[in-house]
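**Q** Quick one: structure below, then a few questions.
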Amino acid sequence: MSDVHGVKRVRTTEDVIKARREREAGKITEYNALVRQCHEKLEAKEFSPEALTVTTQILYTNPDYYTIWNIRRLILINGILDSTKNPTQTILEKNRTIYMNELGLFMQLIRINPKSYWLWNHRRWCLETMPKPDWNGELKLVVKMLTMDARNFHGWDYRRYVVRQLRALAQAKQDYEEEKQIVRQEYEFTTQKINQSFSNYSAWHQRSKLLPEIVAEMSPEEKNTVARNGARFPFVDILTYYIELELVKAAFYTDPDDQSAWLYYWWLVGRALEMVSFLGVFRLKGSPLLVAGFNDPITLLKEPAVLTKDNKKVSGSWLPLGKSLQSSGSIWIFSPLPNSGEPEKVSLETDSVLPSSSEKSVPPGAWSRKVETVIGCPETLSRVSTFQAKFGSTEKAWKPATTKHYKDSSANNQANWYTLDRVEILKEEIEAVRELIDLEPESKWALQTLAHFLQQLKLRSGSTCADALDDESVDIFNKLSELDTYRRCRYEESRNRILFNRATNSLLHTSSNNEALLKNERIDTLDLRHISLDTIPSLAPLLLVRNVLTESISALDQLPFFERV
């Protein structure tokens, strides 16, 4: 028999396999009997120490059995803990001993599965329920756990939870200096963990939450100094000097293929959001239907107001168009009720519009668009009439979404803690990433970051050098498609969006208040054979194009005024 790592390999015979299976069958039978016994005691409302022991035996075998954890808490509350309204010191000590035993059980079971949600959940329950929990002790505990596994997501999540409790205690005492010290210590802890391992994503993430808070009371000049040169804090007579950009660059120069530092780098530089635009409202001559277009597949929280020339409301129903009937879309059709008035304009409050992602933003205020008339051939009128049938089924009827606005702080507050020129920062960091690509030409994350920064620069600087930035971005996504075939579809989709936006820019114009609008002009033919329209989320810019040359024929089903292929 050969040795494996110094251990002699023993041939497994049929007798050995049979004996192993018999032992496992016995354990399964015993486990199932304990589970039945536990449920029987619950049904009988037997909240006794014996019932608690049964749950302990089950959890030693399966610490992820959340139902048993729930039963265990019921037993503790109803049969083990003393719930006297005015407890004596003796009762308080007795209850505290029970809670400490529960925390001790956690320490034994966590070795079986340190990433068990239900174990961590039970520990939180104990601490929130017991009198005078030792939160500083919990912080020391989680330090030990993250020393053993510095990237344990549950450990980091629990650390944030403990820190919140410590900060709440400081706030209750109105000791704001202590609270600031807690935040600074957490910042120092992230630096320590990042220096131990640059691939510690949890530490980078925690750092992004702390840094804006640390500089909150600084002047704009001081914040900019931190952004450029880092934050400086005294800790226990040690002067620690943190340089954010230098730290993150040291990380991705050490391991260019690790995503952790790159994602923090993106956060540090900041992100400009793409603005959602209401491109216009159109009606084909001879048809009652209104067609509204947006540059993003939006979700509406309430119906847009369709108004007559005298500002009287026109009654009717809305429906989004897409590959399948859904609650969102970039093209929306309105079918007015008979004799309800002649539509003149459509008004929409922007706070009732949900963008498709946190990378998009809706301007404050309201939109108002005049209904424009479109001239088409009989075949176009026949095509538009087919969309009328979509309103016939009550099952397909659209209703305003009940979704509420989610404020993504990671999107809205990126780099808002300093006031440096974002365009200049992007130009500098683009050059820095190019230098790394010269050394690591096949680094996927470096290439993705360069493409991301180039597109961010286009958003920040407007039309200046837009074509050159797009050209370089397209070349990068083509290279990534060859280097990383596993994610080829994602890269091709990003490239297609850039090419589509460039091809349709001539169809749009900018209003006096800097909003993108669709030109009321019929375009005969647009050649998009180099783009897969199936990957484009908003085809609304093509609303007034008569003919599109494309291999993605099915995508054109969303275009009511389309005439021919």
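Ordering of the structure tokens sets the chain letters (A, B, ...); residue numbers start at 1 within each chain; ligands are numbered from 1 in the order shown.
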I want to know what sits within 10 Å of Pro49 of chain A, based on only C-alpha atoms, with residues of the same chain fewer than 5 positions away left out; could you give that as number ranges by chain?
**A** A: 54-55, 75-76, 79-80
**Q** Env of segment 494-500 of chain A: 8 Å cut, atoms = only C-alpha atoms, seq-sep filter 4 positions within chain, self excluded. Answer as an NGL selection string.
**A** :A and (470 or 473-474 or 477-478 or 490 or 504 or 528 or 531-533 or 535-536)
**Q** Mind checking which residues fall within 7 Å of Ala451 of chain A, counting only C-alpha atoms, ignoring those fewer than 3 positions away in the same chain, and posting them as a PDB file with N, CA and C atoms, in the first residue's frame?
**A**
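Result file is part.pdb:
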ATOM      1  N   LEU A 447      -7.649  45.449 -16.237  1.00  0.00           N
ATOM      2  CA  LEU A 447      -8.320  45.826 -17.478  1.00  0.00           C
ATOM      3  C   LEU A 447      -9.755  46.292 -17.213  1.00  0.00           C
ATOM      4  N   GLN A 448     -10.479  45.561 -16.354  1.00  0.00           N
ATOM      5  CA  GLN A 448     -11.843  45.977 -16.014  1.00  0.00           C
ATOM      6  C   GLN A 448     -11.861  47.349 -15.345  1.00  0.00           C
ATOM      7  N   LEU A 454     -12.456  54.735 -17.493  1.00  0.00           N
ATOM      8  CA  LEU A 454     -12.632  55.452 -18.754  1.00  0.00           C
ATOM      9  C   LEU A 454     -14.089  55.875 -18.941  1.00  0.00           C
ATOM     10  N   GLN A 455     -15.013  54.967 -18.646  1.00  0.00           N
ATOM     11  CA  GLN A 455     -16.432  55.300 -18.770  1.00  0.00           C
ATOM     12  C   GLN A 455     -16.868  56.302 -17.707  1.00  0.00           C
ATOM     13  N   SER A 473     -12.297  51.639 -24.405  1.00  0.00           N
ATOM     14  CA  SER A 473     -13.109  50.731 -23.587  1.00  0.00           C
ATOM     15  C   SER A 473     -13.540  49.513 -24.387  1.00  0.00           C
ATOM     16  N   ILE A 476     -10.737  47.134 -24.772  1.00  0.00           N
ATOM     17  CA  ILE A 476     -10.490  46.410 -23.519  1.00  0.00           C
ATOM     18  C   ILE A 476     -11.473  45.259 -23.358  1.00  0.00           C
TER      19      ILE A 476
END
**Q** Can you work out the spacing between atom CA of Ile298 of chain A and atom CA of Ser328 of chain A in Å, to one decimal?
**A**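 These atoms are spaced 5.3 Å apart.
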**Q** Give me, as a PyMOL selection string, all polymer residues having an atom no more than 12 Å from Glu551 of chain A, counting only C-alpha atoms and skipping those fewer than 2 positions away in the same chain.
**A** chain A and resi 527-534+548-549+553-556+565
**Q** Next, write the just-selected residues to a file, as a PDB file, in the first residue's frame, keeping C-alpha atoms as the atom set.
**A**
ATOM      1  CA  ASP A 527     -27.261  49.603 -39.236  1.00  0.00           C
ATOM      2  CA  LEU A 528     -26.720  47.774 -35.929  1.00  0.00           C
ATOM      3  CA  ARG A 529     -25.509  44.430 -37.250  1.00  0.00           C
ATOM      4  CA  HIS A 530     -22.332  44.768 -35.164  1.00  0.00           C
ATOM      5  CA  ILE A 531     -24.398  44.894 -31.933  1.00  0.00           C
ATOM      6  CA  SER A 532     -26.491  42.229 -30.203  1.00  0.00           C
ATOM      7  CA  LEU A 533     -29.678  44.112 -29.343  1.00  0.00           C
ATOM      8  CA  ASP A 534     -30.748  41.248 -27.056  1.00  0.00           C
ATOM      9  CA  VAL A 548     -32.984  48.455 -38.216  1.00  0.00           C
ATOM     10  CA  LEU A 549     -30.409  46.190 -39.779  1.00  0.00           C
ATOM     11  CA  ILE A 553     -34.862  40.270 -34.840  1.00  0.00           C
ATOM     12  CA  SER A 554     -36.796  39.264 -31.699  1.00  0.00           C
ATOM     13  CA  ALA A 555     -35.618  42.393 -29.842  1.00  0.00           C
ATOM     14  CA  LEU A 556     -37.513  44.561 -32.344  1.00  0.00           C
ATOM     15  CA  VAL A 565     -36.589  44.360 -41.279  1.00  0.00           C
TER      16      VAL A 565
END
**Q** Quick one: residues within 7 Å of Gly341 of chain A, only C-alpha atoms, excluding same-chain residues fewer than 2 positions away - as a list in words?
**A**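 Near Gly341 of chain A, the qualifying residues are Thr308, Val314, Asn339 and Pro343 of chain A.
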**Q** Using only C-alpha atoms, I'd like a table of the residues in segment 114-200 of chain A that come within 7 Å of segment 82-103 of chain A; for each, show the closest atom pair and its distance in Å rounded to one decimal, ordered by chain and ascending number, as CSV.
**A**
residue,atom,partner,partner_atom,distance
A:Arg123,CA,A:Leu103,CA,6.3
A:Cys126,CA,A:Tyr99,CA,6.1
A:Met130,CA,A:Arg96,CA,6.4
A:Pro131,CA,A:Arg96,CA,6.9
**Q** From a DSSP calculation on the backbone, collect every residue of segment 162-276 of chain A in strand (DSSP E) and output the set as number ranges by chain.
**A** A: 232-235, 238-241, 274-275
**Q** For each of A:Leu436, A:Leu211, A:Val269, A:Leu263, take the minimum atom-to-atom distance to Leu420 of chain A, counting only C-alpha atoms, then give the residue where this is smallest.
**A**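 Going through A:Leu436, A:Leu211, A:Val269, A:Leu263 one by one, the smallest distance to Leu420 of chain A is for A:Val269.
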**Q** Do a neighbour search on Trp318 of chain A at 7 Å with only C-alpha atoms, toss out local chain neighbours closer than 4 positions, and write the hits as a list in words.
**A** Trp332, Ile333, Phe334, Ser335 and Trp398 of chain A
**Q** Need to verify the contact set: segment 520-524 of chain A, 12 Å, only C-alpha atoms, exclusion of same-chain residues closer than 4 positions in sequence. Can you return it as a VMD selection string?
**A** chain A and resid 279 to 284 370 to 377 504 506 to 509 541 to 549 561 to 565
**Q** To one decimal in Å, tell me the separation between atom CA of Ala261 of chain A and atom CA of Val248 of chain A.
**A**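 So the two atoms, atom CA of Ala261 of chain A and atom CA of Val248 of chain A, lie 5.7 Å apart.
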**Q** For Met145 of chain A, which residue out of A:Arg21, A:Arg159, A:Phe189, A:Leu354 is the nearest one, using only C-alpha atoms?
**A**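 Ranked by minimum distance to Met145 of chain A, first place goes to A:Arg159.
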**Q** Just checking: using only C-alpha atoms, which residue out of A:Ser538, A:Asn136, A:Thr129, A:Ser330 ends up closest to Leu81 of chain A?
**A**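 Selected residue with least distance to Leu81 of chain A: A:Thr129.
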**Q** At what distance in Å, to one decimal, does atom CA of Ala432 of chain A lie from atom CA of Ala446 of chain A?
**A** 10.1 Å
